[in-house]
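**Q** What follows is the file final_17.txt, containing compact mmCIF, C-alpha atoms:
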# COMPACT_ATOMS: atom_id res chain seq x y z
CA MET A 20 -143.15 7.07 -274.67
CA TYR A 21 -144.33 8.53 -271.37
CA ASP A 22 -147.30 10.86 -271.30
CA GLU A 23 -146.63 14.11 -269.41
CA GLN A 24 -150.39 14.71 -269.11
CA GLN A 25 -151.21 11.28 -267.66
CA GLN A 26 -153.29 11.65 -264.50
CA PRO A 27 -151.99 9.67 -261.51
CA GLU A 28 -154.33 7.19 -259.84
CA HIS A 29 -152.54 7.42 -256.52
CA GLY A 30 -152.30 10.04 -253.79
CA PRO A 31 -149.53 12.65 -253.75
CA LEU A 32 -147.79 10.85 -250.87
CA ALA A 33 -147.88 7.38 -252.46
CA GLY A 34 -144.49 5.73 -252.19
CA PHE A 35 -143.46 7.78 -249.17
CA THR A 36 -143.24 6.77 -245.50
CA VAL A 37 -143.96 9.36 -242.81
CA GLY A 38 -143.28 9.07 -239.07
CA VAL A 39 -145.83 10.49 -236.61
CA THR A 40 -144.57 11.39 -233.12
CA ALA A 41 -147.87 12.80 -231.82
CA ALA A 42 -149.62 11.36 -228.78
CA ARG A 43 -152.75 13.49 -229.07
CA ARG A 44 -154.67 13.53 -232.39
CA ALA A 45 -152.26 10.95 -233.83
CA ASP A 46 -155.12 8.99 -235.39
CA GLU A 47 -156.40 12.10 -237.13
CA LEU A 48 -152.97 12.99 -238.52
CA GLY A 49 -152.30 9.39 -239.55
CA ALA A 50 -155.62 9.18 -241.40
CA LEU A 51 -154.92 12.43 -243.28
CA LEU A 52 -151.54 11.08 -244.40
CA GLN A 53 -152.86 7.66 -245.37
CA ARG A 54 -155.70 9.14 -247.41
CA ARG A 55 -153.04 10.82 -249.52
CA GLY A 56 -151.20 7.55 -250.07
CA SER A 57 -148.51 7.61 -247.39
CA VAL A 58 -147.37 4.69 -245.29
CA VAL A 59 -147.47 5.87 -241.66
CA VAL A 60 -145.17 4.80 -238.83
CA HIS A 61 -146.67 5.87 -235.51
CA ALA A 62 -144.40 6.24 -232.51
CA PRO A 63 -145.84 8.48 -229.77
CA ALA A 64 -142.81 10.19 -228.26
CA LEU A 65 -144.82 11.16 -225.15
CA ARG A 66 -147.82 10.23 -223.09
CA ILE A 67 -150.20 12.64 -221.42
CA VAL A 68 -151.12 12.41 -217.74
CA PRO A 69 -154.95 12.23 -217.53
CA LEU A 70 -156.33 15.47 -216.11
CA ALA A 71 -158.29 13.96 -213.24
CA ASP A 72 -155.13 12.20 -211.99
CA ASP A 73 -152.96 15.30 -212.05
CA SER A 74 -152.30 16.57 -208.53
CA GLU A 75 -150.53 19.70 -209.85
CA LEU A 76 -153.66 20.84 -211.71
CA LEU A 77 -155.79 20.18 -208.63
CA ALA A 78 -153.44 22.26 -206.48
CA ALA A 79 -153.44 25.15 -208.98
CA THR A 80 -157.26 25.04 -209.23
CA LYS A 81 -157.65 25.20 -205.45
CA GLU A 82 -155.22 28.11 -205.26
CA ILE A 83 -157.21 30.08 -207.85
CA ILE A 84 -160.44 29.45 -205.92
CA GLN A 85 -158.85 30.53 -202.65
CA ARG A 86 -156.92 33.53 -204.06
CA THR A 87 -158.62 34.88 -207.18
CA PRO A 88 -156.07 36.19 -209.72
CA ASP A 89 -156.42 39.49 -211.57
CA VAL A 90 -155.92 37.93 -215.01
CA VAL A 91 -156.36 34.42 -216.44
CA VAL A 92 -154.84 33.57 -219.83
CA ALA A 93 -156.47 30.62 -221.65
CA THR A 94 -154.07 29.24 -224.26
CA THR A 95 -155.74 26.17 -225.85
CA ALA A 96 -159.35 25.14 -226.38
CA ILE A 97 -158.81 21.49 -225.48
CA GLY A 98 -156.82 22.47 -222.40
CA PHE A 99 -159.40 24.96 -221.15
CA ARG A 100 -162.27 22.50 -221.65
CA GLY A 101 -160.26 19.79 -219.93
CA TRP A 102 -159.55 22.07 -216.97
CA ILE A 103 -163.25 22.85 -216.45
CA GLU A 104 -164.18 19.16 -216.82
CA ALA A 105 -161.49 18.11 -214.34
CA ALA A 106 -162.68 20.73 -211.85
CA ASP A 107 -166.23 19.38 -212.22
CA GLY A 108 -164.91 15.90 -211.47
CA TRP A 109 -163.32 17.16 -208.26
CA GLY A 110 -166.55 18.95 -207.25
CA LEU A 111 -164.88 22.33 -207.79
CA GLY A 112 -166.42 23.27 -211.16
CA GLU A 113 -168.92 25.88 -209.96
CA ASP A 114 -166.42 27.49 -207.62
CA LEU A 115 -163.86 27.77 -210.41
CA LEU A 116 -166.35 29.25 -212.89
CA GLU A 117 -167.49 31.77 -210.28
CA ARG A 118 -163.90 32.97 -209.83
CA LEU A 119 -163.28 33.12 -213.59
CA ARG A 120 -166.36 35.33 -214.06
CA GLY A 121 -164.70 38.02 -211.95
CA VAL A 122 -161.28 38.16 -213.63
CA GLU A 123 -159.82 39.67 -216.79
CA LEU A 124 -160.03 36.60 -219.02
CA LEU A 125 -157.84 36.59 -222.14
CA ALA A 126 -158.32 33.89 -224.81
CA ARG A 127 -155.55 33.10 -227.33
CA GLY A 128 -157.44 32.92 -230.60
CA PRO A 129 -160.91 32.00 -231.92
CA LYS A 130 -160.89 28.32 -230.86
CA VAL A 131 -160.03 29.20 -227.27
CA LYS A 132 -162.67 31.94 -227.30
CA GLY A 133 -165.23 29.31 -228.34
CA ALA A 134 -164.23 27.05 -225.43
CA VAL A 135 -164.46 29.97 -223.00
CA ARG A 136 -167.97 30.85 -224.17
CA ALA A 137 -169.08 27.20 -224.13
CA ALA A 138 -168.26 27.24 -220.40
CA GLY A 139 -170.66 30.17 -219.92
CA LEU A 140 -167.88 32.74 -219.62
CA THR A 141 -166.97 35.81 -221.64
CA GLU A 142 -163.45 36.72 -222.60
CA GLU A 143 -162.37 40.31 -222.23
CA TRP A 144 -160.07 40.17 -225.25
CA SER A 145 -158.72 37.73 -227.83
CA PRO A 146 -156.08 38.33 -230.55
CA SER A 147 -157.08 37.38 -234.08
CA SER A 148 -153.50 36.26 -234.73
CA GLU A 149 -153.57 33.43 -232.13
CA SER A 150 -150.19 34.78 -231.05
CA MET A 151 -149.00 34.53 -227.45
CA ALA A 152 -146.61 37.38 -228.28
CA GLU A 153 -149.62 39.63 -228.91
CA VAL A 154 -151.17 38.55 -225.59
CA LEU A 155 -147.89 39.39 -223.85
CA ASP A 156 -147.69 42.80 -225.53
CA ARG A 157 -151.20 43.65 -224.34
CA LEU A 158 -150.47 42.65 -220.75
CA LEU A 159 -147.20 44.58 -220.62
CA GLU A 160 -148.85 47.67 -222.12
CA GLU A 161 -151.54 47.51 -219.43
CA GLY A 162 -148.86 47.14 -216.79
CA VAL A 163 -148.42 43.97 -214.75
CA GLU A 164 -146.57 45.14 -211.65
CA GLY A 165 -148.26 43.80 -208.53
CA ARG A 166 -150.86 41.87 -210.56
CA ARG A 167 -151.53 38.17 -210.13
CA ILE A 168 -151.74 36.36 -213.47
CA ALA A 169 -152.74 32.73 -213.99
CA VAL A 170 -151.55 31.15 -217.26
CA GLN A 171 -153.11 27.91 -218.49
CA LEU A 172 -150.12 25.89 -219.63
CA HIS A 173 -150.52 23.19 -222.28
CA GLY A 174 -147.40 21.09 -222.23
CA GLU A 175 -145.45 23.24 -224.68
CA PRO A 176 -142.87 25.90 -223.83
CA LEU A 177 -143.99 29.52 -223.94
CA PRO A 178 -140.62 31.11 -224.71
CA GLY A 179 -140.10 34.20 -222.59
CA PHE A 180 -143.80 34.61 -221.76
CA VAL A 181 -143.77 33.82 -218.05
CA GLU A 182 -140.28 35.30 -217.61
CA SER A 183 -141.36 38.61 -219.18
CA LEU A 184 -144.40 38.87 -216.92
CA ARG A 185 -142.31 38.22 -213.82
CA ALA A 186 -139.69 40.71 -214.97
CA GLY A 187 -142.51 43.25 -215.19
CA GLY A 188 -143.40 42.66 -211.55
CA ALA A 189 -146.28 40.18 -211.93
CA GLU A 190 -146.92 37.16 -209.74
CA VAL A 191 -147.46 34.30 -212.21
CA LEU A 192 -149.31 31.07 -211.42
CA GLY A 193 -148.95 28.26 -213.97
CA VAL A 194 -152.00 26.03 -214.45
CA PRO A 195 -150.62 22.75 -215.86
CA VAL A 196 -153.62 21.33 -217.72
CA TYR A 197 -151.77 18.20 -218.69
CA ARG A 198 -148.21 17.02 -218.32
CA TRP A 199 -145.98 15.19 -220.78
CA LEU A 200 -144.17 12.05 -219.65
CA PRO A 201 -142.02 9.58 -221.62
CA PRO A 202 -144.00 6.78 -223.31
CA GLU A 203 -144.53 3.63 -221.27
CA ASP A 204 -143.34 1.54 -224.24
CA ILE A 205 -140.19 3.03 -225.77
CA GLY A 206 -140.04 0.35 -228.50
CA PRO A 207 -141.97 2.28 -231.19
CA VAL A 208 -139.79 5.37 -230.63
CA ASP A 209 -136.63 3.29 -231.02
CA ARG A 210 -137.97 1.75 -234.22
CA LEU A 211 -138.79 5.21 -235.58
CA LEU A 212 -135.27 6.38 -234.73
CA ASP A 213 -133.74 3.35 -236.44
CA ALA A 214 -135.90 3.94 -239.53
CA SER A 215 -134.91 7.61 -239.59
CA VAL A 216 -131.15 7.06 -239.44
CA SER A 217 -131.35 4.23 -242.03
CA ARG A 218 -133.42 6.52 -244.33
CA GLY A 219 -136.41 4.19 -244.09
CA LEU A 220 -138.55 7.29 -243.49
CA ASP A 221 -139.02 10.21 -245.84
CA ALA A 222 -140.37 12.62 -243.21
CA VAL A 223 -141.06 12.85 -239.48
CA THR A 224 -143.92 15.03 -238.26
CA PHE A 225 -143.94 16.93 -234.97
CA THR A 226 -147.04 18.54 -233.46
CA SER A 227 -145.59 19.57 -230.10
CA ALA A 228 -142.23 20.82 -228.85
CA PRO A 229 -142.10 18.24 -226.02
CA ALA A 230 -142.43 15.41 -228.58
CA ALA A 231 -139.53 16.83 -230.58
CA ALA A 232 -137.45 17.23 -227.41
CA SER A 233 -138.32 13.70 -226.30
CA LEU A 234 -137.26 12.15 -229.61
CA LEU A 235 -133.97 14.06 -229.59
CA SER A 236 -133.34 13.05 -225.98
CA ARG A 237 -133.92 9.37 -226.76
CA ALA A 238 -131.60 9.60 -229.77
CA GLU A 239 -128.91 11.06 -227.51
CA GLU A 240 -129.40 8.28 -224.94
CA ARG A 241 -128.82 5.70 -227.67
CA GLY A 242 -125.83 7.51 -229.17
CA LEU A 243 -127.78 8.18 -232.37
CA LEU A 244 -128.13 11.95 -232.16
CA PRO A 245 -125.40 12.83 -234.71
CA GLU A 246 -126.85 10.29 -237.18
CA LEU A 247 -130.39 11.58 -236.63
CA LEU A 248 -129.33 15.19 -237.19
CA ALA A 249 -127.50 14.14 -240.37
CA ALA A 250 -130.66 12.38 -241.60
CA PHE A 251 -132.75 15.48 -240.91
CA ALA A 252 -130.18 17.64 -242.70
CA HIS A 253 -130.15 15.64 -245.95
CA ASP A 254 -132.74 12.91 -246.46
CA VAL A 255 -135.55 12.91 -243.88
CA VAL A 256 -137.83 15.97 -243.80
CA PRO A 257 -138.57 17.23 -240.25
CA ALA A 258 -142.05 18.77 -240.55
CA CYS A 259 -143.37 20.83 -237.64
CA VAL A 260 -146.89 22.17 -237.18
CA GLY A 261 -145.55 25.56 -236.13
CA PRO A 262 -142.55 27.58 -234.90
CA VAL A 263 -142.95 26.76 -231.19
CA THR A 264 -142.95 23.04 -232.00
CA ALA A 265 -139.75 23.51 -234.02
CA LEU A 266 -137.74 25.14 -231.19
CA PRO A 267 -135.99 22.00 -229.82
CA LEU A 268 -134.92 21.03 -233.36
CA GLN A 269 -133.79 24.52 -234.32
CA ALA A 270 -131.73 24.73 -231.13
CA LEU A 271 -129.60 21.91 -232.60
CA GLY A 272 -129.33 23.55 -236.00
CA VAL A 273 -132.06 21.54 -237.73
CA ASP A 274 -133.92 23.38 -240.48
CA THR A 275 -137.58 22.39 -240.41
CA VAL A 276 -140.51 22.91 -242.76
CA GLN A 277 -143.70 24.48 -241.37
CA PRO A 278 -147.08 25.35 -242.87
CA GLU A 279 -148.27 28.96 -242.89
CA ARG A 280 -151.33 27.96 -240.81
CA PHE A 281 -150.48 25.96 -237.71
CA ARG A 282 -152.96 23.10 -238.25
CA LEU A 283 -152.77 19.41 -239.12
CA GLY A 284 -154.42 19.83 -242.53
CA PRO A 285 -151.93 22.43 -243.79
CA LEU A 286 -149.08 20.33 -242.34
CA VAL A 287 -150.16 17.37 -244.49
CA GLN A 288 -150.65 19.60 -247.54
CA LEU A 289 -147.11 20.91 -247.06
CA LEU A 290 -145.75 17.35 -247.16
CA CYS A 291 -147.82 16.70 -250.31
CA GLN A 292 -145.74 19.43 -251.98
CA GLU A 293 -142.43 18.91 -250.22
CA LEU A 294 -141.87 15.16 -250.66
CA PRO A 295 -142.79 14.79 -254.37
CA GLY A 296 -140.74 17.94 -254.99
CA ARG A 297 -137.65 16.20 -253.59
CA ALA A 298 -138.13 12.94 -255.51
CA ARG A 299 -135.62 12.16 -258.30
CA SER A 300 -137.28 12.15 -261.72
CA LEU A 301 -135.44 10.78 -264.78
CA PRO A 302 -136.22 10.00 -268.45
CA ILE A 303 -135.18 6.35 -268.84
CA ALA A 304 -135.68 4.06 -271.86
CA GLY A 305 -138.64 6.10 -273.07
CA HIS A 306 -140.29 6.19 -269.65
CA ARG A 307 -140.61 8.86 -266.98
CA VAL A 308 -139.28 7.34 -263.75
CA GLU A 309 -139.72 9.06 -260.39
CA ILE A 310 -137.87 7.52 -257.45
CA ARG A 311 -139.71 7.85 -254.15
CA GLY A 312 -139.07 6.46 -250.68
CA HIS A 313 -140.29 2.86 -250.99
CA ALA A 314 -141.78 2.88 -254.49
CA VAL A 315 -141.20 4.14 -258.01
CA LEU A 316 -143.56 5.88 -260.39
CA VAL A 317 -143.12 4.54 -263.91
CA ASP A 318 -145.12 6.75 -266.29
CA GLY A 319 -147.33 7.71 -263.36
CA ALA A 320 -148.02 4.10 -262.29
CA LEU A 321 -146.99 3.27 -258.73
CA ARG A 322 -144.57 0.34 -258.47
CA PRO A 323 -143.71 -0.80 -254.91
CA VAL A 324 -140.07 -1.92 -254.70
CA PRO A 325 -138.41 -4.08 -251.99
CA PRO A 326 -135.84 -2.29 -249.77
CA ALA A 327 -132.86 -4.03 -251.44
CA GLY A 328 -134.11 -2.96 -254.86
CA MET A 329 -134.55 0.65 -253.71
CA SER A 330 -130.95 0.63 -252.45
CA LEU A 331 -129.71 -0.49 -255.86
CA LEU A 332 -131.90 1.99 -257.72
CA ARG A 333 -130.67 4.91 -255.60
CA ALA A 334 -127.06 3.88 -256.19
CA LEU A 335 -127.68 3.80 -259.96
CA SER A 336 -129.59 7.10 -259.95
CA ARG A 337 -126.76 8.97 -258.27
CA ARG A 338 -124.91 8.62 -261.62
CA PRO A 339 -127.66 8.19 -264.20
CA GLY A 340 -126.43 6.66 -267.44
CA TRP A 341 -123.06 5.68 -265.98
CA VAL A 342 -122.01 2.12 -265.26
CA VAL A 343 -121.97 1.22 -261.56
CA ALA A 344 -119.78 -1.76 -260.68
CA ARG A 345 -121.22 -4.81 -258.93
CA ALA A 346 -118.83 -4.30 -256.02
CA GLU A 347 -120.17 -0.79 -255.45
CA LEU A 348 -123.77 -1.99 -255.71
CA LEU A 349 -122.97 -4.77 -253.23
CA ARG A 350 -121.85 -2.13 -250.72
CA ALA A 351 -125.17 -0.34 -251.22
CA LEU A 352 -127.14 -3.47 -250.30
CA PRO A 353 -128.00 -3.62 -246.58
CA GLY A 354 -126.41 -6.66 -244.95
CA ALA A 355 -125.47 -8.31 -248.26
CA GLY A 356 -122.04 -9.57 -247.19
CA ARG A 357 -119.42 -10.28 -249.86
CA ASP A 358 -121.31 -12.40 -252.41
CA GLU A 359 -121.92 -10.43 -255.60
CA HIS A 360 -124.62 -12.95 -256.48
CA ALA A 361 -126.79 -11.00 -254.01
CA VAL A 362 -126.63 -8.06 -256.43
CA GLU A 363 -127.88 -10.21 -259.32
CA THR A 364 -130.75 -11.57 -257.21
CA ALA A 365 -131.81 -8.13 -255.96
CA MET A 366 -131.47 -6.70 -259.48
CA ALA A 367 -133.75 -9.36 -260.93
CA ARG A 368 -136.38 -8.57 -258.31
CA LEU A 369 -135.98 -4.84 -258.94
CA ARG A 370 -136.57 -5.27 -262.67
CA THR A 371 -139.66 -7.36 -261.99
CA ALA A 372 -141.01 -4.77 -259.53
CA LEU A 373 -140.48 -1.94 -262.04
CA GLY A 374 -142.43 -3.82 -264.72
CA ALA A 375 -140.07 -2.49 -267.41
CA PRO A 376 -136.88 -4.61 -267.53
CA LYS A 377 -135.16 -2.37 -270.10
CA LEU A 378 -134.91 0.51 -267.61
CA ILE A 379 -131.71 -1.07 -266.24
CA GLN A 380 -129.03 -2.35 -268.61
CA THR A 381 -126.49 -5.04 -267.80
CA VAL A 382 -122.99 -4.12 -268.94
CA VAL A 383 -121.11 -7.41 -269.27
CA LYS A 384 -118.19 -7.81 -266.86
CA ARG A 385 -118.63 -4.25 -265.62
CA GLY A 386 -121.95 -3.77 -263.81
CA TYR A 387 -125.26 -2.05 -264.45
CA ARG A 388 -126.51 1.32 -265.66
CA LEU A 389 -129.80 3.17 -266.00
CA ALA A 390 -130.76 3.33 -269.68
CA LEU A 391 -130.94 7.11 -269.71
CA ASP A 392 -132.61 8.57 -272.79
CA PRO A 393 -130.01 9.88 -275.30
CA ALA A 394 -131.45 13.40 -275.16
CA ALA A 395 -130.73 13.50 -271.43
CA ASP A 396 -127.14 12.26 -271.66
CA ALA A 397 -125.64 15.73 -271.95
CA LYS A 398 -127.54 16.97 -268.92
CA TYR A 399 -126.17 14.19 -266.71
CA ALA A 400 -122.74 13.83 -268.33
CA ASP A 401 -121.01 15.48 -265.37
CA ALA A 402 -123.22 13.90 -262.69
How does this structure look as structure tokens?
**A**
Amino acid sequence: MYDEQQQPEHGPLAGFTVGVTAARRADELGALLQRRGSVVVHAPALRIVPLADDSELLAATKEIIQRTPDVVVATTAIGFRGWIEAADGWGLGEDLLERLRGVELLARGPKVKGAVRAAGLTEEWSPSSESMAEVLDRLLEEGVEGRRIAVQLHGEPLPGFVESLRAGGAEVLGVPVYRWLPPEDIGPVDRLLDASVSRGLDAVTFTSAPAAASLLSRAEERGLLPELLAAFAHDVVPACVGPVTALPLQALGVDTVQPERFRLGPLVQLLCQELPGRARSLPIAGHRVEIRGHAVLVDGALRPVPPAGMSLLRALSRRPGWVVARAELLRALPGAGRDEHAVETAMARLRTALGAPKLIQTVVKRGYRLALDPAADAKYADA
């Protein structure tokens, strides 16, 4: 019999496949997922224009030097550091720092405050919440009419922020620290989309709103958007690092999962709870069987299963203990054609992969069934 107290020797994400759409910090996110057992499919949905090559940032920097604003809002640590470094590269670093010393400098959160101070500057105020809404509230309470406000943009939308300042009478200058462009090689994105709609992925992670918007746009170009939205609604978990990142998905009615703290570590921890929590777990032939994305846990031991075998196992698990006809199982096999012998071949490989042949019973002339434990029959009788 299975041992409920048996300690697993695998990570919490073993048997699951997770897509990563990030361009920046993708290696870090991928490593965090892999250390917890996940297979990672990386498909950067965007590329970032290098700072020193960005003519828009250069133009905004020159404008700030020539016409010093009243307020500068720094929104990300990496973006602020990159801006100062780019200005240094253009020979404008000292001039820019001199102007920033004379303005009301607001830093969104502790990390940004650290970047500001590392540049030899001092912020006038920083919200502990890291909320742009709190920054906006402060500015509007102070009054912005007739004031010139520079906002360091960071590739993600700031819903209503700039519009609210302008509605209050401010002149707003956007400082585009880096710009998002489509990836030069669209192949990995297309493969991620194909894997999502075919349920070859268990989750897709998003760490920026532009990446989410880019993936949705590519799906629409290929005529796959309805299928992708259906996958996100039922089988593939869309995991976003925070609420701003989730906006393009939510605009299309997609419910996302988000960690309480908007960081990569909590995002991975959330998936460590979410994916195993959605896995089907059944008592079969005296064993505890948990069906994951591309593998099965049999009494806590990880058993990788070929894609055809996983298709059969999912078809059987939808009606545990009930006989599933060969013809129905054949339809579940990807690209199997009309030969029911393909079911027998895939079933033999599935039994071998599971390491416990008695989990699946052959019912002569009828099909196959999961050997559900008798005590569980009543629970699944109406499945």
**Q** Take CA of Trp109 in chain A and CA of Ala230 in chain A and report the distance between them in Å, one decimal.
**A**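 So the answer is 29.2 Å.
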**Q** Using all atoms listed in the file, what does the table of range 160-214 of chain A residues within 10 Å of range 117-125 of chain A look like, with each row giving the shortest atom pair and its distance in Å to one decimal, sorted by chain and ascending number, as a Markdown table?
**A**
| residue | atom | partner | partner_atom | distance |
| --- | --- | --- | --- | --- |
| A:Ile168 | CA | A:Glu123 | CA | 9.3 |
| A:Ala169 | CA | A:Leu124 | CA | 9.7 |
| A:Val170 | CA | A:Leu125 | CA | 9.6 |
**Q** Hey, what's within 6 Å of Ser145 in chain A if we count only C-alpha atoms and toss same-chain stuff fewer than 2 positions away? As a list in words, please?
**A**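 Here the qualifying residues turn out to be Leu125, Ala126, Arg127 and Gly128 of chain A.
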**Q** Given all atoms listed in the file as the basis, pick out the residue of A:Ala105, A:Ala189, A:Ala93, A:Ile84 nearest to Pro146 in chain A.
**A**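 Nearest to Pro146 in chain A: A:Ala93.
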**Q** Excluding same-chain residues fewer than 3 positions from Gly386 in chain A, what lies within 10 Å of it counting only C-alpha atoms, as an MDAnalysis selection string?
**A** chainID A and resid 341:348 362:363 380:383
**Q** Calculate how many Å separate CA of Phe281 in chain A from CA of Ser57 in chain A, rounding to one decimal.
**A**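 Interatomic distance, CA of Phe281 in chain A to CA of Ser57 in chain A: 20.8 Å.
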**Q** Quote the spacing between CA of Ala41 in chain A and CA of Thr226 in chain A in Å to one decimal place.
**A**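 Here the two named atoms are 6.0 Å from each other.
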**Q** Residues near range 129-134 of chain A, anyone? I mean within 12 Å using only C-alpha atoms, not counting same-chain ones fewer than 2 positions away, as JSON, numbers by chain.
**A** {"A": [92, 93, 94, 95, 96, 97, 98, 99, 100, 101, 102, 103, 104, 124, 125, 126, 127, 136, 137, 138, 139, 140, 141, 142, 143, 144, 145, 146, 147, 148, 149, 150, 171]}
**Q** Show which residues sit within 9 Å of Arg280 in chain A, as number ranges by chain. Count all atoms listed in the file, and ignore same-chain residues fewer than 5 positions away.
**A** A: 260-261, 285-286
**Q** Between A:Ala367, A:Val196, A:Val90, A:Val191, which one has atoms that come closest to Leu158 in chain A, using all atoms listed in the file?
**A**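 Answer, going by the shortest atom-to-atom distance: A:Val90.
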**Q** For range 328-348 of chain A, where the input has fewer atoms than it should, I would like N, CA and C atoms rebuilt and written as a tab-separated table (two decimals), in the coordinates of the input.
**A**
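Saved as rebuild21.tsv:
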chain	number	residue	atom	x	y	z
A	328	GLY	N	-133.99	-3.54	-253.53
A	328	GLY	CA	-134.11	-2.96	-254.86
A	328	GLY	C	-134.01	-1.45	-254.83
A	329	MET	N	-134.64	-0.81	-253.82
A	329	MET	CA	-134.55	0.65	-253.71
A	329	MET	C	-133.11	1.08	-253.47
A	330	SER	N	-132.36	0.30	-252.69
A	330	SER	CA	-130.95	0.63	-252.45
A	330	SER	C	-130.16	0.61	-253.75
A	331	LEU	N	-130.40	-0.41	-254.57
A	331	LEU	CA	-129.71	-0.49	-255.86
A	331	LEU	C	-130.11	0.67	-256.77
A	332	LEU	N	-131.41	0.95	-256.82
A	332	LEU	CA	-131.90	1.99	-257.72
A	332	LEU	C	-131.33	3.36	-257.33
A	333	ARG	N	-131.25	3.63	-256.03
A	333	ARG	CA	-130.67	4.91	-255.60
A	333	ARG	C	-129.20	5.00	-255.98
A	334	ALA	N	-128.48	3.87	-255.82
A	334	ALA	CA	-127.06	3.88	-256.19
A	334	ALA	C	-126.89	4.15	-257.68
A	335	LEU	N	-127.75	3.57	-258.51
A	335	LEU	CA	-127.68	3.80	-259.96
A	335	LEU	C	-128.07	5.23	-260.32
A	336	SER	N	-129.08	5.77	-259.59
A	336	SER	CA	-129.59	7.10	-259.95
A	336	SER	C	-128.66	8.22	-259.54
A	337	ARG	N	-127.73	7.93	-258.64
A	337	ARG	CA	-126.76	8.97	-258.27
A	337	ARG	C	-125.86	9.33	-259.46
A	338	ARG	N	-125.68	8.36	-260.40
A	338	ARG	CA	-124.91	8.62	-261.62
A	338	ARG	C	-125.69	8.07	-262.81
A	339	PRO	N	-126.79	8.73	-263.14
A	339	PRO	CA	-127.66	8.19	-264.20
A	339	PRO	C	-126.94	8.07	-265.54
A	340	GLY	N	-127.07	6.90	-266.15
A	340	GLY	CA	-126.43	6.66	-267.44
A	340	GLY	C	-125.02	6.12	-267.35
A	341	TRP	N	-124.42	6.18	-266.18
A	341	TRP	CA	-123.06	5.68	-265.98
A	341	TRP	C	-123.10	4.26	-265.43
A	342	VAL	N	-122.09	3.49	-265.76
A	342	VAL	CA	-122.01	2.12	-265.26
A	342	VAL	C	-121.58	2.13	-263.80
A	343	VAL	N	-122.32	1.37	-262.98
A	343	VAL	CA	-121.97	1.22	-261.56
A	343	VAL	C	-121.55	-0.23	-261.35
A	344	ALA	N	-120.35	-0.41	-260.83
A	344	ALA	CA	-119.78	-1.76	-260.68
A	344	ALA	C	-120.56	-2.59	-259.67
A	345	ARG	N	-120.53	-3.91	-259.86
A	345	ARG	CA	-121.22	-4.81	-258.93
A	345	ARG	C	-120.71	-4.65	-257.51
A	346	ALA	N	-119.40	-4.44	-257.37
A	346	ALA	CA	-118.83	-4.30	-256.02
A	346	ALA	C	-119.41	-3.07	-255.32
A	347	GLU	N	-119.59	-1.99	-256.05
A	347	GLU	CA	-120.17	-0.79	-255.45
A	347	GLU	C	-121.65	-1.01	-255.11
A	348	LEU	N	-122.37	-1.69	-255.99
A	348	LEU	CA	-123.77	-1.99	-255.71
A	348	LEU	C	-123.90	-2.93	-254.51
